[in-house]
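Enquirer: Hey, dropping start.pdb in here, PDB, C-alpha atoms:
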ATOM      1  CA  MET A   1      -2.936  29.500  27.215
ATOM      2  CA  SER A   2      -5.476  31.434  25.194
ATOM      3  CA  GLU A   3      -5.274  32.594  21.643
ATOM      4  CA  THR A   4      -7.595  35.313  20.324
ATOM      5  CA  VAL A   5      -8.528  34.763  16.728
ATOM      6  CA  HIS A   6     -10.638  36.998  14.530
ATOM      7  CA  PRO A   7     -11.601  35.054  11.420
ATOM      8  CA  GLU A   8     -12.046  38.169   9.343
ATOM      9  CA  ALA A   9      -8.498  39.080  10.225
ATOM     10  CA  LEU A  10      -7.121  35.702   9.256
ATOM     11  CA  PRO A  11      -4.856  36.036   6.275
ATOM     12  CA  GLU A  12      -5.587  33.952   3.261
ATOM     13  CA  VAL A  13      -2.783  31.461   3.090
ATOM     14  CA  ASP A  14       0.166  33.737   2.775
ATOM     15  CA  ARG A  15       2.765  31.356   4.081
ATOM     16  CA  PRO A  16       4.980  29.685   1.495
ATOM     17  CA  THR A  17       3.685  26.363   0.236
ATOM     18  CA  GLY A  18       7.201  24.896   0.122
ATOM     19  CA  PRO A  19       7.278  23.427   3.647
ATOM     20  CA  VAL A  20       3.889  21.749   3.133
ATOM     21  CA  ALA A  21       4.983  20.436  -0.275
ATOM     22  CA  ALA A  22       8.148  19.028   1.326
ATOM     23  CA  ALA A  23       6.207  17.292   4.106
ATOM     24  CA  VAL A  24       3.634  15.850   1.694
ATOM     25  CA  LEU A  25       6.200  14.532  -0.779
ATOM     26  CA  ALA A  26       8.348  13.093   2.026
ATOM     27  CA  ALA A  27       5.387  11.051   3.305
ATOM     28  CA  GLY A  28       4.928   9.709  -0.209
ATOM     29  CA  ILE A  29       8.623   8.856  -0.454
ATOM     30  CA  GLY A  30       8.604   7.096   2.945
ATOM     31  CA  ALA A  31       5.581   4.980   2.019
ATOM     32  CA  PHE A  32       7.022   4.189  -1.411
ATOM     33  CA  VAL A  33      10.395   3.095  -0.012
ATOM     34  CA  LEU A  34       8.611   0.809   2.449
ATOM     35  CA  GLY A  35       6.610  -0.814  -0.340
ATOM     36  CA  LEU A  36       9.618  -1.058  -2.643
ATOM     37  CA  LEU A  37      11.818  -2.704  -0.004
ATOM     38  CA  THR A  38       9.014  -5.104   0.950
ATOM     39  CA  THR A  39       8.734  -6.285  -2.650
ATOM     40  CA  LEU A  40      12.498  -6.357  -3.270
ATOM     41  CA  SER A  41      13.008  -8.359  -0.086
ATOM     42  CA  GLU A  42      10.595 -10.968  -1.390
ATOM     43  CA  ALA A  43      12.137 -11.013  -4.848
ATOM     44  CA  SER A  44      15.783 -11.271  -3.830
ATOM     45  CA  MET A  45      17.409 -13.301  -1.066
ATOM     46  CA  GLY A  46      20.347 -10.901  -1.175
ATOM     47  CA  VAL A  47      18.102  -7.941  -0.365
ATOM     48  CA  HIS A  48      16.227 -10.043   2.207
ATOM     49  CA  ASP A  49      19.456 -10.885   4.016
ATOM     50  CA  PHE A  50      20.781  -7.315   3.761
ATOM     51  CA  LEU A  51      17.607  -6.008   5.415
ATOM     52  CA  GLU A  52      18.062  -8.226   8.457
ATOM     53  CA  PHE A  53      19.482  -5.415  10.567
ATOM     54  CA  ASP A  54      18.296  -7.272  13.651
ATOM     55  CA  ASP A  55      18.144 -11.072  13.912
ATOM     56  CA  ASP A  56      15.046 -11.141  16.121
ATOM     57  CA  VAL A  57      13.010  -8.756  14.004
ATOM     58  CA  GLY A  58      14.289 -10.070  10.667
ATOM     59  CA  PRO A  59      14.102  -8.118   7.404
ATOM     60  CA  LEU A  60      11.244  -5.996   8.739
ATOM     61  CA  SER A  61      13.901  -4.180  10.788
ATOM     62  CA  GLY A  62      15.775  -3.000   7.690
ATOM     63  CA  LYS A  63      12.644  -2.190   5.721
ATOM     64  CA  THR A  64      11.198   0.023   8.445
ATOM     65  CA  ILE A  65      14.468   1.688   9.460
ATOM     66  CA  LEU A  66      15.308   2.571   5.862
ATOM     67  CA  ALA A  67      11.747   3.748   5.153
ATOM     68  CA  VAL A  68      11.811   6.025   8.211
ATOM     69  CA  ILE A  69      15.248   7.354   7.210
ATOM     70  CA  ALA A  70      13.925   7.991   3.685
ATOM     71  CA  TYR A  71      10.901   9.777   5.152
ATOM     72  CA  PHE A  72      12.684  12.093   7.554
ATOM     73  CA  GLY A  73      15.769  12.444   5.359
ATOM     74  CA  SER A  74      13.808  13.465   2.268
ATOM     75  CA  TRP A  75      11.651  15.771   4.389
ATOM     76  CA  GLY A  76      14.709  17.536   5.751
ATOM     77  CA  ILE A  77      16.287  17.939   2.327
ATOM     78  CA  LEU A  78      13.087  19.049   0.578
ATOM     79  CA  HIS A  79      12.260  21.426   3.410
ATOM     80  CA  ALA A  80      15.689  23.039   3.149
ATOM     81  CA  VAL A  81      15.270  23.449  -0.598
ATOM     82  CA  TRP A  82      11.647  24.653  -0.628
ATOM     83  CA  ARG A  83      11.221  26.448   2.674
ATOM     84  CA  ARG A  84      10.918  29.922   1.136
ATOM     85  CA  GLN A  85       9.488  28.888  -2.192
ATOM     86  CA  ASN A  86       5.950  28.517  -3.452
ATOM     87  CA  PRO A  87       5.873  25.404  -5.612
ATOM     88  CA  ALA A  88       2.472  24.502  -7.056
ATOM     89  CA  LEU A  89       0.913  22.090  -4.601
ATOM     90  CA  ARG A  90      -1.365  20.242  -7.004
ATOM     91  CA  PRO A  91       1.279  18.235  -8.924
ATOM     92  CA  ILE A  92       3.122  17.516  -5.675
ATOM     93  CA  LEU A  93      -0.057  16.259  -4.038
ATOM     94  CA  ILE A  94      -0.735  14.029  -7.029
ATOM     95  CA  ALA A  95       2.840  12.699  -6.993
ATOM     96  CA  ALA A  96       2.620  12.013  -3.257
ATOM     97  CA  ALA A  97      -0.740  10.262  -3.640
ATOM     98  CA  VAL A  98       0.717   8.046  -6.382
ATOM     99  CA  LEU A  99       3.764   7.253  -4.220
ATOM    100  CA  VAL A 100       1.580   6.358  -1.226
ATOM    101  CA  ALA A 101      -0.639   4.188  -3.440
ATOM    102  CA  LEU A 102       2.450   2.403  -4.803
ATOM    103  CA  GLY A 103       3.719   2.011  -1.248
ATOM    104  CA  VAL A 104       0.461   0.402  -0.153
ATOM    105  CA  LEU A 105       0.556  -1.849  -3.223
ATOM    106  CA  GLY A 106       4.135  -2.858  -2.426
ATOM    107  CA  THR A 107       3.111  -3.923   1.061
ATOM    108  CA  PHE A 108       0.096  -5.891  -0.165
ATOM    109  CA  PRO A 109       0.947  -9.599   0.233
ATOM    110  CA  THR A 110      -0.798 -10.820  -2.910
ATOM    111  CA  PHE A 111       1.324  -8.338  -4.885
ATOM    112  CA  PHE A 112       4.743  -8.768  -3.330
ATOM    113  CA  GLN A 113       4.444 -12.535  -2.939
ATOM    114  CA  ALA A 114       4.018 -12.753  -6.710
ATOM    115  CA  PHE A 115       7.714 -11.783  -6.908
ATOM    116  CA  ALA A 116       8.841 -14.465  -4.443
ATOM    117  CA  SER A 117      12.215 -16.007  -5.247
ATOM    118  CA  ASP A 118      12.446 -19.787  -4.850
TER     119      ASP A 118
ATOM    120  CA  MET B   1      -5.578 -12.830  37.258
ATOM    121  CA  LYS B   2      -2.031 -12.483  35.975
ATOM    122  CA  LEU B   3      -0.437 -11.270  32.783
ATOM    123  CA  THR B   4       2.959 -12.522  31.659
ATOM    124  CA  ASN B   5       5.568 -10.039  30.468
ATOM    125  CA  ARG B   6       4.715 -10.883  26.859
ATOM    126  CA  GLU B   7       0.978 -10.559  27.445
ATOM    127  CA  THR B   8       1.545  -7.208  29.136
ATOM    128  CA  TRP B   9       3.450  -5.853  26.137
ATOM    129  CA  THR B  10       0.894  -7.257  23.731
ATOM    130  CA  PHE B  11      -1.779  -5.523  25.795
ATOM    131  CA  ILE B  12       0.126  -2.224  25.773
ATOM    132  CA  HIS B  13       0.758  -2.484  22.018
ATOM    133  CA  GLY B  14      -2.762  -3.449  21.002
ATOM    134  CA  MET B  15      -5.150  -2.245  23.659
ATOM    135  CA  VAL B  16      -3.576   0.715  25.444
ATOM    136  CA  LEU B  17      -1.894   2.421  22.502
ATOM    137  CA  GLY B  18      -4.543   1.220  20.047
ATOM    138  CA  SER B  19      -7.396   2.610  22.142
ATOM    139  CA  PHE B  20      -5.506   5.840  22.679
ATOM    140  CA  PHE B  21      -5.020   6.112  18.932
ATOM    141  CA  LEU B  22      -8.748   5.637  18.265
ATOM    142  CA  LEU B  23      -9.681   8.163  20.926
ATOM    143  CA  ALA B  24      -7.219  10.711  19.551
ATOM    144  CA  PHE B  25      -8.507  10.098  16.020
ATOM    145  CA  ALA B  26     -12.095  10.727  17.077
ATOM    146  CA  GLY B  27     -11.134  13.921  18.909
ATOM    147  CA  GLY B  28      -8.962  15.135  16.075
ATOM    148  CA  LEU B  29     -11.576  14.378  13.420
ATOM    149  CA  ALA B  30     -14.291  16.227  15.348
ATOM    150  CA  GLY B  31     -11.977  19.188  15.844
ATOM    151  CA  LEU B  32     -10.963  19.241  12.206
ATOM    152  CA  TRP B  33     -14.493  18.908  10.857
ATOM    153  CA  SER B  34     -15.811  21.788  12.899
ATOM    154  CA  LEU B  35     -12.866  24.139  12.391
ATOM    155  CA  ARG B  36     -14.608  26.533  10.022
ATOM    156  CA  THR B  37     -15.168  30.220  10.339
ATOM    157  CA  GLU B  38     -18.855  29.825   9.451
ATOM    158  CA  TYR B  39     -19.431  27.352  12.300
ATOM    159  CA  VAL B  40     -17.795  28.958  15.283
ATOM    160  CA  THR B  41     -16.953  32.230  16.923
ATOM    161  CA  PRO B  42     -13.375  33.536  17.062
ATOM    162  CA  ALA B  43     -13.061  32.195  20.597
ATOM    163  CA  GLY B  44     -14.446  28.884  19.385
ATOM    164  CA  ILE B  45     -11.792  28.669  16.673
ATOM    165  CA  ALA B  46      -9.020  29.156  19.205
ATOM    166  CA  GLU B  47     -10.491  26.502  21.473
ATOM    167  CA  ARG B  48     -11.072  24.013  18.647
ATOM    168  CA  LEU B  49      -7.650  24.599  17.173
ATOM    169  CA  ARG B  50      -6.088  23.843  20.540
ATOM    170  CA  ARG B  51      -8.152  20.637  20.805
ATOM    171  CA  LEU B  52      -7.240  19.691  17.246
ATOM    172  CA  LYS B  53      -3.540  20.205  17.911
ATOM    173  CA  ILE B  54      -3.710  18.036  21.026
ATOM    174  CA  GLY B  55      -5.779  15.311  19.351
ATOM    175  CA  ILE B  56      -3.734  15.109  16.193
ATOM    176  CA  THR B  57      -0.386  15.182  18.016
ATOM    177  CA  ALA B  58      -1.565  12.484  20.411
ATOM    178  CA  MET B  59      -2.622  10.379  17.463
ATOM    179  CA  ALA B  60       0.772  10.694  15.791
ATOM    180  CA  ILE B  61       2.617   9.856  19.005
ATOM    181  CA  ALA B  62       0.349   6.849  19.571
ATOM    182  CA  ALA B  63       0.926   5.706  15.986
ATOM    183  CA  TRP B  64       4.719   5.843  16.331
ATOM    184  CA  ALA B  65       4.609   4.159  19.752
ATOM    185  CA  THR B  66       2.349   1.408  18.422
ATOM    186  CA  VAL B  67       4.524   0.489  15.440
ATOM    187  CA  ILE B  68       7.758   0.710  17.441
ATOM    188  CA  THR B  69       6.508  -1.530  20.276
ATOM    189  CA  GLY B  70       4.860  -3.834  17.772
ATOM    190  CA  THR B  71       7.907  -4.295  15.557
ATOM    191  CA  TRP B  72      10.693  -4.241  18.115
ATOM    192  CA  ILE B  73       9.095  -5.840  21.178
ATOM    193  CA  VAL B  74       6.073  -7.977  20.264
ATOM    194  CA  TYR B  75       6.898  -9.129  16.729
ATOM    195  CA  PRO B  76      10.109 -11.044  17.659
ATOM    196  CA  TRP B  77       8.031 -13.191  20.044
ATOM    197  CA  TYR B  78       5.518 -13.835  17.273
ATOM    198  CA  ARG B  79       8.088 -14.899  14.700
ATOM    199  CA  GLU B  80      10.425 -17.025  16.840
ATOM    200  CA  SER B  81      11.311 -20.264  15.113
ATOM    201  CA  LEU B  82      10.629 -22.872  17.787
ATOM    202  CA  ALA B  83       8.876 -25.766  16.109
ATOM    203  CA  GLY B  84      11.634 -26.823  13.723
ATOM    204  CA  GLU B  85      11.564 -27.798  10.063
ATOM    205  CA  GLY B  86       8.074 -29.000   9.131
ATOM    206  CA  PHE B  87       6.766 -27.696  12.478
ATOM    207  CA  PRO B  88       6.895 -30.963  14.495
ATOM    208  CA  GLY B  89       6.739 -28.857  17.671
ATOM    209  CA  CYS B  90       3.227 -27.751  16.754
ATOM    210  CA  GLU B  91       1.865 -31.247  16.123
ATOM    211  CA  GLY B  92      -1.491 -31.696  17.859
ATOM    212  CA  ALA B  93      -1.341 -28.185  19.314
ATOM    213  CA  SER B  94      -4.527 -26.183  19.635
ATOM    214  CA  ALA B  95      -2.630 -22.988  20.481
ATOM    215  CA  PRO B  96       0.952 -21.679  20.386
ATOM    216  CA  GLY B  97       3.177 -22.819  23.236
ATOM    217  CA  ASP B  98       6.769 -23.267  24.355
ATOM    218  CA  ASP B  99       7.706 -25.320  21.285
ATOM    219  CA  CYS B 100       5.430 -23.589  18.827
ATOM    220  CA  SER B 101       5.491 -19.820  18.282
ATOM    221  CA  PRO B 102       2.376 -18.066  16.944
ATOM    222  CA  ARG B 103       3.983 -17.908  13.487
ATOM    223  CA  ASP B 104       4.904 -21.602  13.616
ATOM    224  CA  PHE B 105       1.390 -22.416  14.798
ATOM    225  CA  LEU B 106      -0.329 -20.519  11.992
ATOM    226  CA  LEU B 107       1.952 -21.890   9.268
ATOM    227  CA  SER B 108       1.683 -25.471  10.561
ATOM    228  CA  ASN B 109      -2.095 -25.645  10.047
ATOM    229  CA  ALA B 110      -2.079 -27.756  13.229
ATOM    230  CA  SER B 111      -5.528 -26.520  14.198
ATOM    231  CA  GLY B 112      -7.434 -25.973  10.989
ATOM    232  CA  THR B 113      -6.387 -23.973   7.974
ATOM    233  CA  THR B 114      -4.535 -21.083   9.572
ATOM    234  CA  GLU B 115      -1.686 -20.486   7.139
ATOM    235  CA  ASP B 116      -3.319 -17.486   5.484
ATOM    236  CA  TRP B 117      -3.508 -15.648   8.787
ATOM    237  CA  HIS B 118       0.248 -15.358   8.549
ATOM    238  CA  GLN B 119       0.750 -15.300   4.791
ATOM    239  CA  PHE B 120      -1.775 -12.552   4.209
ATOM    240  CA  GLY B 121      -2.902 -11.073   7.538
ATOM    241  CA  MET B 122       0.385 -10.753   9.387
ATOM    242  CA  GLU B 123       2.397  -9.978   6.264
ATOM    243  CA  TRP B 124       0.151  -7.032   5.441
ATOM    244  CA  LYS B 125      -0.271  -5.844   9.002
ATOM    245  CA  GLU B 126       3.427  -5.689   9.843
ATOM    246  CA  HIS B 127       4.154  -3.521   6.789
ATOM    247  CA  ILE B 128       1.164  -1.255   6.238
ATOM    248  CA  ALA B 129       1.101  -0.199   9.892
ATOM    249  CA  TRP B 130       4.264   1.864   9.309
ATOM    250  CA  ILE B 131       2.508   4.101   6.796
ATOM    251  CA  SER B 132       0.163   5.324   9.515
ATOM    252  CA  PRO B 133       2.667   7.317  11.628
ATOM    253  CA  MET B 134       4.171   8.915   8.534
ATOM    254  CA  LEU B 135       0.765  10.201   7.434
ATOM    255  CA  ALA B 136      -0.209  11.192  10.981
ATOM    256  CA  THR B 137       3.021  13.197  11.331
ATOM    257  CA  LEU B 138       2.275  14.956   8.042
ATOM    258  CA  ALA B 139      -1.184  15.898   9.353
ATOM    259  CA  VAL B 140       0.375  17.305  12.534
ATOM    260  CA  PHE B 141       2.806  19.387  10.532
ATOM    261  CA  VAL B 142       0.120  20.909   8.314
ATOM    262  CA  VAL B 143      -2.092  21.769  11.301
ATOM    263  CA  PHE B 144       0.740  23.481  13.167
ATOM    264  CA  TYR B 145       2.045  25.165  10.017
ATOM    265  CA  TYR B 146      -1.228  26.842   9.090
ATOM    266  CA  GLY B 147      -2.533  27.308  12.645
ATOM    267  CA  PRO B 148      -5.642  29.517  12.850
ATOM    268  CA  ALA B 149      -5.551  30.128   9.084
ATOM    269  CA  LEU B 150      -6.673  26.517   8.714
ATOM    270  CA  ALA B 151     -10.198  27.642   9.641
ATOM    271  CA  ARG B 152     -10.356  29.688   6.448
ATOM    272  CA  ASN B 153      -8.299  27.515   4.184
ATOM    273  CA  ARG B 154     -10.624  24.807   2.889
ATOM    274  CA  ALA B 155      -7.926  23.159   0.728
ATOM    275  CA  ALA B 156      -5.527  22.801   3.654
ATOM    276  CA  ARG B 157      -8.318  21.408   5.846
ATOM    277  CA  LEU B 158      -9.178  18.886   3.148
ATOM    278  CA  LEU B 159      -5.524  17.872   2.875
ATOM    279  CA  VAL B 160      -5.308  17.287   6.623
ATOM    280  CA  LEU B 161      -8.602  15.392   6.571
ATOM    281  CA  VAL B 162      -7.518  13.054   3.760
ATOM    282  CA  VAL B 163      -4.115  12.404   5.331
ATOM    283  CA  PHE B 164      -5.647  11.986   8.776
ATOM    284  CA  VAL B 165      -8.199   9.436   7.518
ATOM    285  CA  GLY B 166      -5.449   7.677   5.529
ATOM    286  CA  ALA B 167      -3.396   7.301   8.708
ATOM    287  CA  PHE B 168      -6.434   5.902  10.451
ATOM    288  CA  LEU B 169      -7.218   3.397   7.671
ATOM    289  CA  ALA B 170      -3.653   2.073   7.626
ATOM    290  CA  ALA B 171      -3.773   1.642  11.397
ATOM    291  CA  ALA B 172      -7.252   0.119  11.249
ATOM    292  CA  ILE B 173      -6.127  -2.577   8.781
ATOM    293  CA  ALA B 174      -3.162  -3.391  11.009
ATOM    294  CA  GLY B 175      -5.262  -3.296  14.170
ATOM    295  CA  LEU B 176      -8.004  -5.488  12.753
ATOM    296  CA  PHE B 177      -5.582  -8.178  11.585
ATOM    297  CA  GLY B 178      -3.682  -7.872  14.849
ATOM    298  CA  ALA B 179      -6.818  -8.565  16.874
ATOM    299  CA  LEU B 180      -7.886 -11.487  14.680
ATOM    300  CA  ILE B 181      -4.410 -13.055  14.641
ATOM    301  CA  THR B 182      -4.099 -12.662  18.403
ATOM    302  CA  LYS B 183      -7.424 -14.460  18.781
ATOM    303  CA  THR B 184      -6.214 -17.353  16.599
ATOM    304  CA  ALA B 185      -2.619 -17.510  17.813
ATOM    305  CA  PRO B 186      -2.014 -15.476  20.961
ATOM    306  CA  ILE B 187       1.431 -14.574  22.232
ATOM    307  CA  THR B 188       1.760 -16.063  25.708
TER     308      THR B 188
END
Do you think you could lay out the structure here as structure tokens?
Expert:
Amino acid sequence: MSETVHPEALPEVDRPTGPVAAAVLAAGIGAFVLGLLTTLSEASMGVHDFLEFDDDVGPLSGKTILAVIAYFGSWGILHAVWRRQNPALRPILIAAAVLVALGVLGTFPTFFQAFASD
Amino acid sequence: MKLTNRETWTFIHGMVLGSFFLLAFAGGLAGLWSLRTEYVTPAGIAERLRRLKIGITAMAIAAWATVITGTWIVYPWYRESLAGEGFPGCEGASAPGDDCSPRDFLLSNASGTTEDWHQFGMEWKEHIAWISPMLATLAVFVVFYYGPALARNRAARLLVLVVFVGAFLAAAIAGLFGALITKTAPIT
């Protein structure tokens, strides 16, 4: 399998930015949902019990399944909407970075344990 | 020399897939860093792009396989509730056993102050690890989407690099805590 590439012939990025924007934002959404569910599960026994999709795995099963669904689901939807469009990447990258940062924060024990219900 | 079923899965989860992930990261990072038109010939770009695609895809697959085996196979053994209320089953124990799961053992403080290994280490590890495959998959998509044009597109390369390193950091945090927790409270 060989691919001949002439750099001078490479087009500047002429493909639509929509698919990349969709993938980037979906990763942010997936990470954010994971962090949000982790914190909500700590704050509410109702959410904690709801997320126990599997008895052996506990609420981690619901958190991860729903986060993965949010990731791939939002990716599919955003891709369908943006696949031929050229949205500006910069604000989408910033939004995704903020969502990932919030997701990481939501999974940080010192943070989510501060919301622990008694 | 014999490994139990649980030890075998722990080994696959942590050592086999973890090592594979690290190897793929190193290969992918090297490929990504050097994928520039000013560094290599046209033939070199094709070769490096192929290596990058293989490395980055392998990393994403390893990341998904690691979190799936970790959460659905190994983690239930870690979190079994065996010791009872107040952890009497762990009394005097120096390691987890039949009446004292690793989680029970850490929370019981039966062998020193070990509670934080669960409360902070395991709690962070089990969650943050799942961010890694999402970011790794994003990196794969961008590499395949741009293909050879990636060599000329500095912004796209930077995006892949940041996402790729982010995936690695999330996995590294999980892997580090996993190794340290396994040392303190192994699954047997």
Enquirer: Of the candidates B:Ala136, B:Leu107, B:Val67, B:Ala149, which one gets nearest to Leu60 (chain A) if we count all atoms listed in the file?
Expert: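 So, comparing all the options, the nearest one is B:Val67.
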Enquirer: Under the rule of at most 6 Å, produce a per-residue listing of chain B near chain A: chain, number, name, the closest pair of atoms, and the distance in Å, as a tab-separated table, using all atoms listed in the file.
Expert:
residue	atom	partner	partner_atom	distance
B:Pro42	CA	A:Val5	CA	5.0
B:Ala46	CA	A:Glu3	CA	5.6
B:Pro76	CA	A:Asp56	CA	5.2
B:Phe120	CA	A:Pro109	CA	5.7
B:Trp124	CA	A:Phe108	CA	5.7
B:His127	CA	A:Thr107	CA	5.8
B:Ile131	CA	A:Ala31	CA	5.7
B:Met134	CA	A:Ala27	CA	5.8
B:Ala149	CA	A:Leu10	CA	5.8
Enquirer: Let me know the residues the PyMOL selection byres ((chain B and resi 73) around 12) catches in the file above, as a tab-separated table (two decimals) with C-alpha atoms, keeping the file's coordinate frame.
Expert:
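Output saved as selection.tsv:
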chain	number	residue	atom	x	y	z
A	54	ASP	CA	18.30	-7.27	13.65
A	56	ASP	CA	15.05	-11.14	16.12
A	57	VAL	CA	13.01	-8.76	14.00
A	61	SER	CA	13.90	-4.18	10.79
B	5	ASN	CA	5.57	-10.04	30.47
B	6	ARG	CA	4.72	-10.88	26.86
B	7	GLU	CA	0.98	-10.56	27.44
B	8	THR	CA	1.54	-7.21	29.14
B	9	TRP	CA	3.45	-5.85	26.14
B	10	THR	CA	0.89	-7.26	23.73
B	11	PHE	CA	-1.78	-5.52	25.80
B	12	ILE	CA	0.13	-2.22	25.77
B	13	HIS	CA	0.76	-2.48	22.02
B	65	ALA	CA	4.61	4.16	19.75
B	66	THR	CA	2.35	1.41	18.42
B	67	VAL	CA	4.52	0.49	15.44
B	68	ILE	CA	7.76	0.71	17.44
B	69	THR	CA	6.51	-1.53	20.28
B	70	GLY	CA	4.86	-3.83	17.77
B	71	THR	CA	7.91	-4.30	15.56
B	72	TRP	CA	10.69	-4.24	18.11
B	74	VAL	CA	6.07	-7.98	20.26
B	75	TYR	CA	6.90	-9.13	16.73
B	76	PRO	CA	10.11	-11.04	17.66
B	77	TRP	CA	8.03	-13.19	20.04
B	78	TYR	CA	5.52	-13.84	17.27
B	79	ARG	CA	8.09	-14.90	14.70
B	187	ILE	CA	1.43	-14.57	22.23
Enquirer: In Å, with one decimal, what is the gap from CA of Leu36 (chain A) to CA of Gly166 (chain B)?
Expert: 19.2 Å
Enquirer: Return the single residue from A:Ala70, A:Leu89, A:Leu51, A:Ala95 that is closest to Ala155 (chain B), with distances computed using all atoms listed in the file.
Expert: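 Of the candidates, the smallest distance to Ala155 (chain B) is held by A:Leu89.
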Enquirer: Measure the distance from CA of Gly44 (chain B) to CA of Pro148 (chain B) in Å and round it to one decimal.
Expert: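 Interatomic distance, CA of Gly44 (chain B) to CA of Pro148 (chain B): 11.0 Å.
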Enquirer: On this structure, which residues satisfy the PyMOL selection byres ((chain B and resi 18-34) around 10), written as a PyMOL selection string?
Expert: chain B and resi 11-17+35-40+44-45+47-63+65-66+136+143+150-151+157-158+160-161+164-165+167-168+171-172+175
Enquirer: May I ask which of the residues A:Gly62, A:Val33, A:Glu42, A:Pro16 is the closest one to Phe115 (chain A), counting all atoms listed in the file?
Expert: A:Glu42
Enquirer: Model the absent atoms of region 70-89 of chain A so that N, CA and C atoms are present, and write the result as a JSON list (two decimals), in the frame of the given file.
Expert:
[["chain", "number", "residue", "atom", "x", "y", "z"],
["A", 70, "ALA", "N", 14.32, 7.36, 4.96],
["A", 70, "ALA", "CA", 13.92, 7.99, 3.68],
["A", 70, "ALA", "C", 12.89, 9.08, 3.93],
["A", 71, "TYR", "N", 11.97, 8.81, 4.84],
["A", 71, "TYR", "CA", 10.90, 9.78, 5.15],
["A", 71, "TYR", "C", 11.49, 11.06, 5.76],
["A", 72, "PHE", "N", 12.17, 10.90, 6.88],
["A", 72, "PHE", "CA", 12.68, 12.09, 7.55],
["A", 72, "PHE", "C", 13.84, 12.74, 6.78],
["A", 73, "GLY", "N", 14.65, 11.91, 6.14],
["A", 73, "GLY", "CA", 15.77, 12.44, 5.36],
["A", 73, "GLY", "C", 15.28, 13.28, 4.18],
["A", 74, "SER", "N", 14.32, 12.72, 3.43],
["A", 74, "SER", "CA", 13.81, 13.46, 2.27],
["A", 74, "SER", "C", 13.05, 14.71, 2.72],
["A", 75, "TRP", "N", 12.37, 14.61, 3.85],
["A", 75, "TRP", "CA", 11.65, 15.77, 4.39],
["A", 75, "TRP", "C", 12.63, 16.90, 4.71],
["A", 76, "GLY", "N", 13.71, 16.53, 5.39],
["A", 76, "GLY", "CA", 14.71, 17.54, 5.75],
["A", 76, "GLY", "C", 15.31, 18.20, 4.53],
["A", 77, "ILE", "N", 15.66, 17.39, 3.54],
["A", 77, "ILE", "CA", 16.29, 17.94, 2.33],
["A", 77, "ILE", "C", 15.30, 18.82, 1.56],
["A", 78, "LEU", "N", 14.09, 18.28, 1.34],
["A", 78, "LEU", "CA", 13.09, 19.05, 0.58],
["A", 78, "LEU", "C", 12.69, 20.33, 1.31],
["A", 79, "HIS", "N", 12.61, 20.24, 2.62],
["A", 79, "HIS", "CA", 12.26, 21.43, 3.41],
["A", 79, "HIS", "C", 13.33, 22.51, 3.24],
["A", 80, "ALA", "N", 14.59, 22.08, 3.31],
["A", 80, "ALA", "CA", 15.69, 23.04, 3.15],
["A", 80, "ALA", "C", 15.65, 23.71, 1.77],
["A", 81, "VAL", "N", 15.29, 22.92, 0.77],
["A", 81, "VAL", "CA", 15.27, 23.45, -0.60],
["A", 81, "VAL", "C", 14.06, 24.35, -0.83],
["A", 82, "TRP", "N", 12.90, 23.97, -0.29],
["A", 82, "TRP", "CA", 11.65, 24.65, -0.63],
["A", 82, "TRP", "C", 11.12, 25.61, 0.44],
["A", 83, "ARG", "N", 11.84, 25.78, 1.53],
["A", 83, "ARG", "CA", 11.22, 26.45, 2.67],
["A", 83, "ARG", "C", 10.76, 27.89, 2.39],
["A", 84, "ARG", "N", 11.36, 28.56, 1.44],
["A", 84, "ARG", "CA", 10.92, 29.92, 1.14],
["A", 84, "ARG", "C", 10.28, 30.03, -0.24],
["A", 85, "GLN", "N", 10.05, 28.88, -0.84],
["A", 85, "GLN", "CA", 9.49, 28.89, -2.19],
["A", 85, "GLN", "C", 8.00, 28.57, -2.18],
["A", 86, "ASN", "N", 7.38, 28.79, -3.32],
["A", 86, "ASN", "CA", 5.95, 28.52, -3.45],
["A", 86, "ASN", "C", 5.68, 27.57, -4.63],
["A", 87, "PRO", "N", 6.14, 26.33, -4.52],
["A", 87, "PRO", "CA", 5.87, 25.40, -5.61],
["A", 87, "PRO", "C", 4.37, 25.12, -5.69],
["A", 88, "ALA", "N", 3.89, 24.84, -6.90],
["A", 88, "ALA", "CA", 2.47, 24.50, -7.06],
["A", 88, "ALA", "C", 2.19, 23.20, -6.30],
["A", 89, "LEU", "N", 1.18, 23.25, -5.45],
["A", 89, "LEU", "CA", 0.91, 22.09, -4.60],
["A", 89, "LEU", "C", 0.26, 20.93, -5.36]]
